[in-house]
Structure formats: structure tokens, C-alpha cells
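Q: Once you've had a glance at the structure underneath, I'll fire off some questions.
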Amino acid sequence: MRGWPSTEDCFPLKSIPNPGLILDKPLWAQTWLVAKHTKKVGIVGKYRACYGAFLRKMVKKIEISQHATYTFCGKTKMKGRAVGIWHCGSCMKTMAGGAWTYNTTSAVTVKSAIRRLKKLKDQ
């Protein structure tokens, strides 16, 4: 069989909600036949069965942290504007950060080292 399967092969006519309906697209492209939610895959459901499960799991972790809101100035209003640019909606401050998360692990390490050295200097 070449090309797309016929609509009768995919779905019998009794599965159409209104058989007298005039279809402007083939039956397999109708929006009422498409699933509306994903159970397990979440945000990476848009990639369907492409790229492999391991890569989709990695991308899922990154995209969830990328679209999350972070706590800053006591409120959960810190959102990413562009790559590495983060903006707080309550205090209207814009600052640099990581590409996918507000604080990167290396930045946290450097901040703690600076804090420790300042504390040693003051003693």
C-alpha cells in the first residue's frame, strides 16, 4: 500500500459522529479524532514518537525548568524572557541567569565561594 491509507481503512464509517457531515479534510486529519491530552509524556508530547525515549525524557526535564516560574523577592514571579534573561514580574527587575534555569549550578558554587571568602576576610 503506497501513500496514506484510505479513511475506510483507518476508521469505519460508523465511528463518525455525524455520517452526513461534509468533511473538508480527510478523516485521519479531523481534529475531533486527535487526542487532547497526554498521560505520561507531558510537554514533550508534541514530539510524538520521534527522537527516542531517552532524548525526550532529557528534553522534558529541560523544558519544564525552562517554562517554570521561580521565587525571587519573596514572590513566585521570576520568568524567563529570552535565553539567559530573567524578569521578575513583582519588583520589575531584569537580570542575567542560565539559559534554562534562573540559577545554574556553577553560579551557586561561585556565590557560595565568594560568600565564604568574604566571611574569612572579615574575621
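Convention: chains lettered A, B, ... in C-alpha cells order; per-chain residue numbering from 1; ligands numbered from 1 as shown.
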I'd like a table as CSV: residues in segment 46-76 of chain A with an atom no more than 12 Å from segment 93-101 of chain A, each row giving the shortest atom pair and its distance in Å to one decimal, only C-alpha atoms counted, sorted by chain and rising residue number.

A:
residue,atom,partner,partner_atom,distance
A:Val59,CA,A:Trp100,CA,10.9
A:Lys60,CA,A:Trp100,CA,11.7
A:Lys61,CA,A:Trp100,CA,9.9
A:Ile62,CA,A:Trp100,CA,6.5
A:Glu63,CA,A:Trp100,CA,7.6
A:Ile64,CA,A:Trp100,CA,8.9
A:Ser65,CA,A:Thr101,CA,6.0
A:Gln66,CA,A:Trp100,CA,4.5
A:His67,CA,A:Trp100,CA,8.1
A:Ala68,CA,A:Thr101,CA,8.4
A:Thr69,CA,A:Thr101,CA,9.5
A:Tyr70,CA,A:Thr101,CA,8.6
A:Thr71,CA,A:Thr101,CA,11.7
A:Phe72,CA,A:Lys93,CA,9.7
A:Cys73,CA,A:Lys93,CA,9.7

Q: Just how far from atom CA of His87 of chain A is atom CA of Gly74 of chain A, in Å to one decimal?

A: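 According to the coordinates, atom CA of Gly74 of chain A and atom CA of His87 of chain A are separated by 14.0 Å.
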
Q: Grab the atom CA of Gly42 of chain A to atom CA of Thr76 of chain A distance for me, in Å with one decimal place.

A: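 The value is 22.3 Å.
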
Q: Extract the full set of strand (DSSP E) residues from segment 48-108 of chain A according to DSSP on the backbone, and format it as JSON, numbers by chain.

A: {"A": [70, 71, 72, 75, 76, 77, 78, 79, 80, 81, 82, 85, 86, 87, 88, 94, 95, 96]}

Q: In Å to one decimal, how far is atom CA of Thr104 of chain A from atom CA of Lys57 of chain A?

A: 19.9 Å

Q: Between A:Lys77, A:Arg48, A:Lys119, A:Arg56, which residue has the minimum interatomic distance to Ser90 of chain A, considering only C-alpha atoms?

A: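 With only C-alpha atoms as the atom set, the closest residue is A:Lys77.
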